[in-house]
Each structure stands twice: as C-alpha cells, then as structure tokens.
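Raw contents of upload.cif, mmCIF, C-alpha atoms:
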```
data_coords
#
loop_
_atom_site.group_PDB
_atom_site.id
_atom_site.type_symbol
_atom_site.label_atom_id
_atom_site.label_comp_id
_atom_site.auth_asym_id
_atom_site.auth_seq_id
_atom_site.Cartn_x
_atom_site.Cartn_y
_atom_site.Cartn_z
ATOM 1 C CA LYS A 1473 3.745 -22.221 1.483
ATOM 2 C CA MET A 1474 4.073 -18.602 2.458
ATOM 3 C CA HIS A 1475 7.091 -16.825 0.943
ATOM 4 C CA HIS A 1476 7.803 -15.300 4.357
ATOM 5 C CA GLN A 1477 11.271 -13.923 4.962
ATOM 6 C CA GLN A 1478 12.245 -13.045 8.532
ATOM 7 C CA TYR A 1479 15.492 -11.270 9.320
ATOM 8 C CA ASN A 1480 17.610 -10.666 12.362
ATOM 9 C CA HIS A 1481 17.153 -7.239 13.846
ATOM 10 C CA ASN A 1482 19.461 -4.607 12.389
ATOM 11 C CA PRO A 1483 19.557 -0.874 13.089
ATOM 12 C CA SER A 1484 16.815 0.643 10.975
ATOM 13 C CA CYS A 1485 16.124 4.073 9.641
ATOM 14 C CA LEU A 1486 12.910 5.628 8.482
ATOM 15 C CA VAL A 1487 12.009 5.358 4.841
ATOM 16 C CA VAL A 1488 12.766 9.048 4.469
ATOM 17 C CA LEU A 1489 16.467 8.267 4.993
ATOM 18 C CA LEU A 1490 16.500 4.773 3.576
ATOM 19 C CA LEU A 1491 17.978 5.271 0.161
ATOM 20 C CA LEU A 1492 20.321 8.034 1.260
ATOM 21 C CA CYS A 1493 22.349 5.286 2.889
ATOM 22 C CA PHE A 1494 22.701 3.005 -0.135
ATOM 23 C CA VAL A 1495 26.067 2.272 -1.648
ATOM 24 C CA GLU A 1496 25.503 2.287 -5.374
ATOM 25 C CA GLY A 1497 28.265 -0.194 -6.058
ATOM 26 C CA SER A 1498 26.435 -2.879 -4.091
ATOM 27 C CA LEU A 1499 23.525 -2.954 -6.503
ATOM 28 C CA ASP A 1500 23.174 -5.033 -9.655
ATOM 29 C CA LYS A 1501 21.327 -2.820 -12.111
ATOM 30 C CA ALA A 1502 19.071 -4.363 -14.701
ATOM 31 C CA THR A 1503 20.678 -4.387 -18.096
ATOM 32 C CA GLY A 1504 19.695 -4.978 -21.655
ATOM 33 C CA GLY A 1505 16.763 -2.636 -22.220
ATOM 34 C CA THR A 1506 14.574 0.215 -21.134
ATOM 35 C CA MET A 1507 13.977 0.484 -17.404
ATOM 36 C CA VAL A 1508 10.406 -0.067 -16.231
ATOM 37 C CA PRO A 1509 9.083 3.263 -14.890
ATOM 38 C CA LEU A 1510 8.109 3.555 -11.232
ATOM 39 C CA VAL A 1511 5.061 5.269 -9.717
ATOM 40 C CA ILE A 1512 5.021 6.230 -6.024
ATOM 41 C CA TRP A 1513 1.931 6.849 -3.881
ATOM 42 C CA HIS A 1514 2.875 8.431 -0.562
ATOM 43 C CA GLY A 1515 1.277 7.789 2.801
ATOM 44 C CA MET A 1516 -0.831 9.764 5.249
ATOM 45 C CA GLY A 1517 0.598 13.176 6.084
ATOM 46 C CA ASP A 1518 3.419 12.933 3.540
ATOM 47 C CA ASN A 1519 3.564 14.589 0.133
ATOM 48 C CA CYS A 1520 4.987 13.794 -3.261
ATOM 49 C CA CYS A 1521 8.066 15.887 -3.510
ATOM 50 C CA SER A 1522 9.627 17.249 -0.317
ATOM 51 C CA SER A 1523 13.224 16.537 0.641
ATOM 52 C CA PHE A 1524 11.970 13.773 2.920
ATOM 53 C CA GLY A 1525 9.503 10.895 2.615
ATOM 54 C CA ALA A 1526 8.308 9.996 -0.868
ATOM 55 C CA GLY A 1527 10.203 12.913 -2.395
ATOM 56 C CA ALA A 1528 13.524 11.698 -1.034
ATOM 57 C CA PHE A 1529 12.707 8.158 -2.099
ATOM 58 C CA LYS A 1530 12.086 9.333 -5.667
ATOM 59 C CA LEU A 1531 15.342 11.281 -5.896
ATOM 60 C CA ASN A 1532 17.422 8.418 -4.618
ATOM 61 C CA ILE A 1533 15.838 5.792 -6.856
ATOM 62 C CA GLU A 1534 16.739 8.069 -9.766
ATOM 63 C CA LYS A 1535 20.337 8.219 -8.538
ATOM 64 C CA LEU A 1536 20.561 4.473 -8.003
ATOM 65 C CA LEU A 1537 18.979 3.515 -11.310
ATOM 66 C CA PRO A 1538 20.026 6.080 -13.923
ATOM 67 C CA GLY A 1539 17.563 6.363 -16.761
ATOM 68 C CA ILE A 1540 14.509 5.215 -14.793
ATOM 69 C CA TYR A 1541 11.422 7.420 -15.004
ATOM 70 C CA VAL A 1542 9.885 7.939 -11.546
ATOM 71 C CA LYS A 1543 6.563 9.658 -10.960
ATOM 72 C CA SER A 1544 5.465 10.545 -7.432
ATOM 73 C CA LEU A 1545 1.741 11.239 -7.335
ATOM 74 C CA LYS A 1546 0.579 14.621 -6.069
ATOM 75 C CA PHE A 1547 -2.990 15.551 -5.141
ATOM 76 C CA GLY A 1548 -3.277 19.317 -5.059
ATOM 77 C CA ASN A 1549 -1.604 22.422 -6.416
ATOM 78 C CA ASN A 1550 1.218 22.444 -3.892
ATOM 79 C CA LEU A 1551 2.876 20.261 -1.264
ATOM 80 C CA GLN A 1552 0.712 21.563 1.576
ATOM 81 C CA GLU A 1553 -2.461 20.683 -0.346
ATOM 82 C CA ASP A 1554 -1.022 17.275 -1.146
ATOM 83 C CA SER A 1555 -0.461 16.529 2.554
ATOM 84 C CA TYR A 1556 -3.880 17.950 3.467
ATOM 85 C CA ASN A 1557 -5.593 15.821 0.845
ATOM 86 C CA SER A 1558 -4.057 12.657 2.294
ATOM 87 C CA PHE A 1559 -6.485 13.244 5.167
ATOM 88 C CA PHE A 1560 -9.451 14.978 3.559
ATOM 89 C CA LEU A 1561 -9.749 14.143 -0.172
ATOM 90 C CA ASN A 1562 -12.086 11.190 -0.712
ATOM 91 C CA ALA A 1563 -10.052 8.058 -1.538
ATOM 92 C CA ASN A 1564 -12.351 7.157 -4.438
ATOM 93 C CA THR A 1565 -11.778 10.609 -5.907
ATOM 94 C CA GLN A 1566 -8.023 10.260 -5.486
ATOM 95 C CA ILE A 1567 -8.049 6.963 -7.375
ATOM 96 C CA GLU A 1568 -10.073 8.485 -10.223
ATOM 97 C CA MET A 1569 -7.623 11.391 -10.408
ATOM 98 C CA ALA A 1570 -4.621 9.056 -10.388
ATOM 99 C CA CYS A 1571 -6.148 6.921 -13.127
ATOM 100 C CA LYS A 1572 -6.607 9.947 -15.391
ATOM 101 C CA GLU A 1573 -3.150 11.349 -14.676
ATOM 102 C CA LEU A 1574 -1.263 8.112 -15.167
ATOM 103 C CA SER A 1575 -3.260 7.162 -18.256
ATOM 104 C CA ALA A 1576 -2.345 10.492 -19.847
ATOM 105 C CA ASP A 1577 1.390 10.128 -19.175
ATOM 106 C CA SER A 1578 3.027 8.946 -22.401
ATOM 107 C CA LYS A 1579 6.072 7.701 -20.495
ATOM 108 C CA LEU A 1580 3.870 5.106 -18.777
ATOM 109 C CA THR A 1581 2.203 3.772 -21.917
ATOM 110 C CA ASN A 1582 4.116 0.488 -21.848
ATOM 111 C CA GLY A 1583 3.358 -0.133 -18.182
ATOM 112 C CA PHE A 1584 5.107 0.578 -14.896
ATOM 113 C CA ASN A 1585 5.917 -0.735 -11.443
ATOM 114 C CA ALA A 1586 4.319 0.906 -8.421
ATOM 115 C CA ILE A 1587 5.176 1.277 -4.752
ATOM 116 C CA GLY A 1588 2.741 2.492 -2.127
ATOM 117 C CA PHE A 1589 3.669 3.580 1.372
ATOM 118 C CA SER A 1590 1.121 2.931 4.135
ATOM 119 C CA GLN A 1591 -2.357 3.957 2.872
ATOM 120 C CA GLY A 1592 -0.859 4.601 -0.553
ATOM 121 C CA ALA A 1593 -0.509 0.816 -0.865
ATOM 122 C CA GLN A 1594 -4.230 0.019 -0.763
ATOM 123 C CA PHE A 1595 -4.948 3.010 -2.993
ATOM 124 C CA LEU A 1596 -2.575 1.640 -5.619
ATOM 125 C CA ARG A 1597 -4.251 -1.763 -5.349
ATOM 126 C CA ALA A 1598 -7.599 -0.062 -5.944
ATOM 127 C CA LEU A 1599 -6.038 1.642 -8.959
ATOM 128 C CA VAL A 1600 -5.046 -1.745 -10.384
ATOM 129 C CA GLN A 1601 -8.561 -3.082 -9.879
ATOM 130 C CA ARG A 1602 -10.480 -0.041 -11.127
ATOM 131 C CA CYS A 1603 -8.319 1.625 -13.769
ATOM 132 C CA GLY A 1604 -8.319 -0.350 -17.004
ATOM 133 C CA THR A 1605 -6.222 2.177 -18.929
ATOM 134 C CA VAL A 1606 -2.950 1.559 -17.073
ATOM 135 C CA HIS A 1607 -0.824 -1.558 -16.700
ATOM 136 C CA ILE A 1608 1.128 -2.244 -13.513
ATOM 137 C CA TYR A 1609 3.709 -5.042 -13.510
ATOM 138 C CA ASN A 1610 4.976 -5.170 -9.927
ATOM 139 C CA LEU A 1611 2.922 -3.743 -7.063
ATOM 140 C CA ILE A 1612 4.862 -3.175 -3.832
ATOM 141 C CA SER A 1613 2.888 -2.568 -0.654
ATOM 142 C CA VAL A 1614 5.003 -1.086 2.153
ATOM 143 C CA GLY A 1615 3.098 -1.279 5.436
ATOM 144 C CA GLY A 1616 -0.266 -1.161 3.664
ATOM 145 C CA GLN A 1617 -3.640 -1.784 5.320
ATOM 146 C CA HIS A 1618 -5.414 -4.128 2.926
ATOM 147 C CA GLN A 1619 -8.015 -5.292 5.432
ATOM 148 C CA GLY A 1620 -8.314 -1.843 6.947
ATOM 149 C CA VAL A 1621 -7.389 -0.623 10.401
ATOM 150 C CA PHE A 1622 -9.012 -0.538 13.796
ATOM 151 C CA GLY A 1623 -7.260 2.412 15.376
ATOM 152 C CA PHE A 1624 -4.245 4.640 14.732
ATOM 153 C CA PRO A 1625 -2.302 4.511 18.011
ATOM 154 C CA ASN A 1626 0.688 6.480 16.704
ATOM 155 C CA CYS A 1627 -0.457 8.787 13.955
ATOM 156 C CA MET A 1628 2.553 10.102 12.037
ATOM 157 C CA GLY A 1629 3.308 13.488 13.536
ATOM 158 C CA GLU A 1630 1.913 13.465 17.061
ATOM 159 C CA THR A 1631 1.626 17.246 17.052
ATOM 160 C CA SER A 1632 -0.062 17.390 13.651
ATOM 161 C CA ILE A 1633 -3.441 19.091 13.741
ATOM 162 C CA PHE A 1634 -4.533 16.719 10.982
ATOM 163 C CA CYS A 1635 -3.953 13.705 13.226
ATOM 164 C CA HIS A 1636 -6.003 15.264 16.007
ATOM 165 C CA PHE A 1637 -8.779 16.189 13.567
ATOM 166 C CA PHE A 1638 -9.320 12.764 12.088
ATOM 167 C CA ARG A 1639 -9.062 10.997 15.445
ATOM 168 C CA ARG A 1640 -11.782 13.284 16.778
ATOM 169 C CA PHE A 1641 -14.020 12.720 13.768
ATOM 170 C CA LEU A 1642 -13.569 8.951 13.935
ATOM 171 C CA THR A 1643 -14.809 8.897 17.522
ATOM 172 C CA LEU A 1644 -17.960 10.786 16.496
ATOM 173 C CA GLY A 1645 -19.183 8.007 14.238
ATOM 174 C CA VAL A 1646 -16.825 6.616 11.668
ATOM 175 C CA TYR A 1647 -19.518 5.349 9.296
ATOM 176 C CA LEU A 1648 -21.647 8.510 9.212
ATOM 177 C CA SER A 1649 -21.943 9.722 5.630
ATOM 178 C CA PHE A 1650 -20.314 13.130 6.129
ATOM 179 C CA ILE A 1651 -17.304 11.509 7.803
ATOM 180 C CA GLN A 1652 -17.056 8.826 5.131
ATOM 181 C CA ASP A 1653 -17.163 11.450 2.406
ATOM 182 C CA TYR A 1654 -14.419 13.658 3.791
ATOM 183 C CA ILE A 1655 -12.139 11.700 6.142
ATOM 184 C CA VAL A 1656 -9.834 9.434 4.149
ATOM 185 C CA GLN A 1657 -8.902 7.153 7.038
ATOM 186 C CA ALA A 1658 -12.567 6.500 7.817
ATOM 187 C CA GLU A 1659 -12.884 5.010 4.348
ATOM 188 C CA TYR A 1660 -10.723 2.034 5.299
ATOM 189 C CA TYR A 1661 -11.666 1.906 8.990
ATOM 190 C CA HIS A 1662 -12.740 -1.666 9.720
ATOM 191 C CA ASP A 1663 -14.680 -2.212 12.957
ATOM 192 C CA PRO A 1664 -14.547 -5.926 13.896
ATOM 193 C CA TYR A 1665 -17.316 -5.349 16.461
ATOM 194 C CA ASP A 1666 -19.732 -4.220 13.771
ATOM 195 C CA GLU A 1667 -18.940 -5.953 10.492
ATOM 196 C CA GLU A 1668 -22.386 -5.275 9.022
ATOM 197 C CA GLU A 1669 -22.156 -1.538 9.639
ATOM 198 C CA TYR A 1670 -18.705 -1.555 8.077
ATOM 199 C CA LYS A 1671 -19.845 -3.401 4.972
ATOM 200 C CA LEU A 1672 -22.947 -1.274 4.509
ATOM 201 C CA PHE A 1673 -21.534 2.199 5.097
ATOM 202 C CA CYS A 1674 -17.773 2.179 4.546
ATOM 203 C CA ILE A 1675 -17.478 3.670 1.055
ATOM 204 C CA PHE A 1676 -14.084 2.364 -0.051
ATOM 205 C CA LEU A 1677 -12.560 -0.791 1.442
ATOM 206 C CA PRO A 1678 -15.534 -3.208 1.285
ATOM 207 C CA ASP A 1679 -15.804 -2.518 -2.433
ATOM 208 C CA ILE A 1680 -12.176 -3.232 -3.350
ATOM 209 C CA ASN A 1681 -12.189 -6.319 -1.099
ATOM 210 C CA GLN A 1682 -15.287 -7.745 -2.844
ATOM 211 C CA GLU A 1683 -17.287 -7.766 0.401
ATOM 212 C CA ILE A 1684 -20.483 -6.297 -1.043
ATOM 213 C CA THR A 1685 -20.772 -7.580 -4.589
ATOM 214 C CA PHE A 1686 -18.339 -9.622 -6.646
ATOM 215 C CA ASN A 1687 -16.768 -7.748 -9.537
ATOM 216 C CA PRO A 1688 -14.910 -10.207 -11.804
ATOM 217 C CA VAL A 1689 -12.934 -7.353 -13.367
ATOM 218 C CA TYR A 1690 -11.270 -6.637 -10.019
ATOM 219 C CA LYS A 1691 -10.060 -10.220 -9.792
ATOM 220 C CA GLU A 1692 -8.940 -10.331 -13.411
ATOM 221 C CA ARG A 1693 -6.893 -7.149 -13.196
ATOM 222 C CA LEU A 1694 -5.183 -7.996 -9.905
ATOM 223 C CA SER A 1695 -4.425 -11.490 -11.227
ATOM 224 C CA ASN A 1696 -2.511 -9.886 -14.082
ATOM 225 C CA LEU A 1697 0.172 -8.493 -11.784
ATOM 226 C CA SER A 1698 3.623 -9.897 -12.442
ATOM 227 C CA ASN A 1699 4.435 -9.662 -8.729
ATOM 228 C CA PHE A 1700 2.521 -8.441 -5.676
ATOM 229 C CA VAL A 1701 4.807 -7.717 -2.719
ATOM 230 C CA LEU A 1702 3.358 -7.330 0.791
ATOM 231 C CA ILE A 1703 5.693 -5.877 3.431
ATOM 232 C CA LYS A 1704 4.761 -6.085 7.110
ATOM 233 C CA PHE A 1705 6.599 -4.453 10.023
ATOM 234 C CA THR A 1706 6.508 -6.718 13.052
ATOM 235 C CA GLU A 1707 6.999 -3.842 15.526
ATOM 236 C CA ASP A 1708 4.474 -1.551 13.804
ATOM 237 C CA LYS A 1709 2.781 0.764 16.322
ATOM 238 C CA MET A 1710 1.113 2.885 13.673
ATOM 239 C CA ILE A 1711 -1.573 0.473 12.483
ATOM 240 C CA GLN A 1712 -3.782 -2.083 14.199
ATOM 241 C CA PRO A 1713 -3.623 -4.970 13.592
ATOM 242 C CA ILE A 1714 -0.271 -5.373 11.856
ATOM 243 C CA GLU A 1715 -1.639 -8.474 10.080
ATOM 244 C CA THR A 1716 -3.583 -6.130 7.792
ATOM 245 C CA SER A 1717 -0.368 -5.563 5.835
ATOM 246 C CA TRP A 1718 -0.624 -9.231 4.775
ATOM 247 C CA PHE A 1719 -4.433 -9.189 4.310
ATOM 248 C CA GLY A 1720 -5.097 -10.523 7.821
ATOM 249 C CA PHE A 1721 -7.402 -8.959 10.402
ATOM 250 C CA TYR A 1722 -9.227 -9.395 13.703
ATOM 251 C CA ARG A 1723 -11.762 -12.178 13.945
ATOM 252 C CA SER A 1724 -15.285 -10.826 14.064
ATOM 253 C CA GLY A 1725 -16.657 -9.632 17.391
ATOM 254 C CA GLN A 1726 -13.376 -8.899 19.176
ATOM 255 C CA ALA A 1727 -10.038 -7.174 18.683
ATOM 256 C CA VAL A 1728 -7.436 -9.602 20.031
ATOM 257 C CA GLU A 1729 -7.349 -12.779 17.944
ATOM 258 C CA THR A 1730 -6.473 -12.410 14.283
ATOM 259 C CA TYR A 1731 -6.796 -14.520 11.157
ATOM 260 C CA SER A 1732 -4.416 -14.766 8.217
ATOM 261 C CA LEU A 1733 -5.022 -14.187 4.528
ATOM 262 C CA PHE A 1734 -5.115 -17.958 4.002
ATOM 263 C CA GLU A 1735 -8.085 -18.298 6.383
ATOM 264 C CA SER A 1736 -10.008 -15.453 4.769
ATOM 265 C CA LYS A 1737 -12.836 -15.605 2.261
ATOM 266 C CA ILE A 1738 -10.720 -13.390 -0.004
ATOM 267 C CA TYR A 1739 -8.249 -16.271 -0.337
ATOM 268 C CA THR A 1740 -10.369 -19.416 0.040
ATOM 269 C CA GLU A 1741 -12.840 -18.190 -2.600
ATOM 270 C CA ASP A 1742 -10.102 -16.374 -4.511
ATOM 271 C CA LEU A 1743 -12.158 -13.199 -4.737
ATOM 272 C CA LEU A 1744 -9.182 -11.044 -5.760
ATOM 273 C CA GLY A 1745 -6.937 -13.531 -7.510
ATOM 274 C CA LEU A 1746 -4.506 -13.720 -4.581
ATOM 275 C CA GLN A 1747 -4.749 -17.508 -4.466
ATOM 276 C CA TYR A 1748 -3.862 -17.567 -8.160
ATOM 277 C CA LEU A 1749 -0.898 -15.229 -7.648
ATOM 278 C CA HIS A 1750 0.324 -17.238 -4.672
ATOM 279 C CA THR A 1751 0.076 -20.560 -6.489
ATOM 280 C CA ASN A 1752 2.092 -19.140 -9.370
ATOM 281 C CA GLY A 1753 4.866 -17.679 -7.219
ATOM 282 C CA ARG A 1754 3.807 -14.075 -7.785
ATOM 283 C CA LEU A 1755 2.619 -13.178 -4.274
ATOM 284 C CA HIS A 1756 5.481 -12.352 -1.911
ATOM 285 C CA PHE A 1757 5.283 -11.911 1.870
ATOM 286 C CA LEU A 1758 8.144 -9.967 3.423
ATOM 287 C CA SER A 1759 8.499 -8.939 7.053
ATOM 288 C CA TYR A 1760 10.958 -6.724 8.838
ATOM 289 C CA PRO A 1761 11.386 -6.433 12.639
ATOM 290 C CA GLY A 1762 11.005 -2.671 12.687
ATOM 291 C CA HIS A 1763 8.476 0.100 13.154
ATOM 292 C CA HIS A 1764 6.124 1.531 10.540
ATOM 293 C CA LEU A 1765 8.060 2.283 7.317
ATOM 294 C CA GLY A 1766 11.410 1.806 9.026
ATOM 295 C CA TYR A 1767 13.861 -0.862 7.905
ATOM 296 C CA ASP A 1768 17.507 -1.616 7.236
ATOM 297 C CA ARG A 1769 18.998 -0.301 3.975
ATOM 298 C CA GLN A 1770 20.725 -3.577 3.144
ATOM 299 C CA TRP A 1771 17.485 -5.501 3.589
ATOM 300 C CA PHE A 1772 15.670 -3.126 1.245
ATOM 301 C CA GLY A 1773 18.384 -3.391 -1.371
ATOM 302 C CA GLN A 1774 18.394 -7.177 -1.275
ATOM 303 C CA ASN A 1775 14.664 -7.822 -1.020
ATOM 304 C CA VAL A 1776 12.661 -4.920 -2.444
ATOM 305 C CA LEU A 1777 14.875 -3.243 -5.028
ATOM 306 C CA PRO A 1778 14.848 -6.322 -7.328
ATOM 307 C CA PHE A 1779 11.149 -5.648 -7.924
ATOM 308 C CA ILE A 1780 11.975 -2.083 -9.032
ATOM 309 C CA ASN A 1781 15.235 -2.704 -10.894
ATOM 310 C CA ARG A 1782 13.584 -4.235 -13.978
ATOM 311 C CA THR A 1783 13.646 -3.737 -17.731
ATOM 312 C CA LEU A 1784 10.600 -3.956 -19.958
ATOM 313 C CA SER A 1785 11.992 -7.133 -21.522
ATOM 314 C CA ILE A 1786 11.545 -9.026 -18.233
ATOM 315 C CA ALA A 1787 8.764 -6.935 -16.688
ATOM 316 C CA GLN A 1788 6.197 -9.731 -16.827
ATOM 317 C CA ASP A 1789 8.363 -12.352 -15.128
ATOM 318 C CA PRO A 1790 7.988 -13.346 -11.473
ATOM 319 C CA VAL A 1791 10.914 -12.323 -9.270
ATOM 320 C CA LEU A 1792 12.627 -15.393 -7.840
ATOM 321 C CA TYR A 1793 14.697 -15.561 -4.675
#
```
This structure in structure tokens:
Amino acid sequence: KMHHQQYNHNPSCLVVLLLLCFVEGSLDKATGGTMVPLVIWHGMGDNCCSSFGAGAFKLNIEKLLPGIYVKSLKFGNNLQEDSYNSFFLNANTQIEMACKELSADSKLTNGFNAIGFSQGAQFLRALVQRCGTVHIYNLISVGGQHQGVFGFPNCMGETSIFCHFFRRFLTLGVYLSFIQDYIVQAEYYHDPYDEEEYKLFCIFLPDINQEITFNPVYKERLSNLSNFVLIKFTEDKMIQPIETSWFGFYRSGQAVETYSLFESKIYTEDLLGLQYLHTNGRLHFLSYPGHHLGYDRQWFGQNVLPFINRTLSIAQDPVLY
C-alpha cells in the first residue's frame, strides 16, 4: 500500500521562506549522538548559497539543528556560475564533480542524508547509483522529475534569459547531440510520442532508469538507502506531468493519460530496488496541495524534518509514522 499522505490546504510559502517561519520550540531534535550531516542539491536557476533558495534552507537547518554539518553543492567559482551551470553544465559532469567533492569531504566519511530540490533530486539519485565512494542514508526528493519531463510550462523566473534559451533550444530538436551535451534540461526530457528516440539519444535519464542496459550496481546502491522520500506537489505548474515526482509518467504515444510507479517496468521488474524499498517500509510518498516547491511550514516540520533530524546511531533505521 502506498504511504501516501494527503493534507488539507493550508497557506503555503515558497521553499526559500519555508524554514524562516519555523518555531524552534516545536521541533523534537534528535538526541544521543552525532547528527547525520546533510547535503543539498539546488534546483534549476537557483544556487548554493544566496540568501534565498537553497542558501536560505541551509542556514535555517543549521539554526534549527545546532551541530549539524550542512553542505550545499556549488558548481562554479561563484554564485552566478552556479546558477548558469544549472542550465548548461552537463548533468553527467555535475554528478562526477559532486562525487569527487563529497568523497573528499572528511566530515561526510560516515555517511550523510541528502535533499534535492526539483532537478537536484534526480541528480542526487544518480549520485547514489553511480558514486560508490559516498554513503547516503536518507534521500529526500522535493518535486523531483524521476521519469523526466515533457515541457516546462512555468520555468522559474519568467523573465530569466536562461529560461528563454533552453526553451528555444528544446524546440530545435531536444535529442540532437549538441543540445544533449550542453542543455541540462534536455538530458531528462522524456518525449512520450517518441520513446525510442528518447532511449537512444537522451544521455542521462534512460541510463539511471535502467532503460538501455541493466546495471545491477545501480539497483544495489539504491536499495541500500535507509529511506527514500518522494514529495509531489498536486498543484505543480512547473513540471509536466506531476506524476514524475513519484516515478509516474505519460503512457506511450500520448500526453494525457498517466501511469503510476506501480504499473511501471521499473517497479514490476524491480530494476532500481524501489519494490524492495517499498516492501520494507523505506519508500515514502508524500504529497502537498501546493505549487512547485511551495508548502506549509508545519507540514514540512512534521513530515520531512524527521528524515533530516537524525543521529548516526539511528541513521540506518526506517522512519516510521
């Protein structure tokens, strides 16, 4: 049975303001040991360390959970480069860079939890599957696109030149090699009208979803997660279809009817270990009736923070509700 939690609609705020609203006294901090570090992978158009977005999230987690080590990944020499690279630095290259950086961080030697916002979620999953020199306990996917996207109707920052650039390139031929090599969003663009073209020429997503060849290491590593949390926003206008946040997608040949994870080959043949995680109470489906990356602070504190507020002594345990 799906661990699906639906909540009544409450006023929501964007993730950039989310933790600013928390009341510290309402939280039960983990006790009795060293806090599990946290790694953050920001989404498209964001950067690691500004006073908003992933940067604000990092600062407020550190305030809420004193003593926790939080690392927000940065790709580039400055914040502008980091934002730019979320559009134009090959996703496979980013994952290789992250693997090297995190493996070299002595504070992460004993493992860490990880939270990915939007595209950062599927990049962190790829990190789990490909990087054998790090150990992630809890992987939290916030509005991720694990089966890809078919359109970006509301690109973050409507006036952003980056949004206009990648939309234009995608219309030119999303699976052309020069677009695949340099446009990040093309690398998880999933065209349900041309599944063969997608599988043959998309250079990132078909590989991590085991759609080309089966790599048993990918399944083994993802199966080793203590908890895998998938958060979907039911009013999401940023990604299509919203079911992709729970590993669902459009049925082949059209873009209206969708299928769920449980109907997919990924689950029925357990290509990634998701069936194993689900059977053992380690795969968690959360939904919030809000827009992309926007949700109520109380809901986050009650339902997501328990996966972050962990000590190493209990890091390998499933989180129970």
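Rounded to one decimal, CA of Ala1787 (chain A) and CA of Val1701 (chain A) lie 14.5 Å from each other.
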>> Which residues would end up in the selection if the PyMOL selection byres ((chain A and resi 1568) around 12) were applied here, given that I need the answer as a PyMOL selection string?
In response: chain A and resi 1547+1561-1567+1569-1575+1595-1596+1598-1605
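Separating CA of Phe1705 (chain A) from CA of Cys1521 (chain A) is a distance of 24.5 Å.
Taking only C-alpha atoms into account, Val1656 (chain A) lies nearest to A:Gly1620 out of the set A:Pro1778, A:Gly1525, A:Gly1620, A:Gly1753.
Every residue that the PyMOL selection byres ((chain A and resi 1614) around 10) selects in this file is listed here: Val1487, Gly1515, Ile1587, Gly1588, Phe1589, Ser1590, Gln1591, Gly1592, Ala1593, Gln1594, Leu1611, Ile1612, Ser1613, Gly1615, Gly1616, Gln1617, Val1701, Leu1702, Ile1703, Lys1704, Phe1705, Ser1717, Leu1758, Ser1759, His1764, Leu1765, Gly1766 and Val1776 of chain A.
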> Which residue gives the smallest distance to Asn1550 (chain A) among A:His1756, A:Asn1519, A:Val1728, A:Pro1678, with all atoms listed in the file counted?
Replying inline: A:Asn1519
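Interatomic distance, CA of Asp1679 (chain A) to CA of Tyr1660 (chain A): 10.3 Å.
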>> Please expand the PyMOL selection byres ((chain A and resi 1697) around 7) into the concrete residues it hits in this file, giving the result as number ranges by chain.
In response: A: 1608-1610, 1694-1696, 1698-1700
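With all atoms listed in the file as the atoms that count, the residue of A:Thr1783, A:Gln1619, A:Asn1532, A:Thr1751 with the shortest distance to Arg1597 (chain A) is A:Gln1619.
Each of A:Pro1664, A:Gly1623, A:Pro1538, A:Gly1745 was checked against Asn1681 (chain A) using only C-alpha atoms; the smallest atom-to-atom distance is that of A:Gly1745.
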>> If we count only C-alpha atoms and set the cut-off at 8 Å, which residues sit around Thr1706 (chain A), ignoring sequence neighbours fewer than 6 positions away in its own chain? Please answer as a PyMOL selection string.
In response: chain A and resi 1714+1759-1763
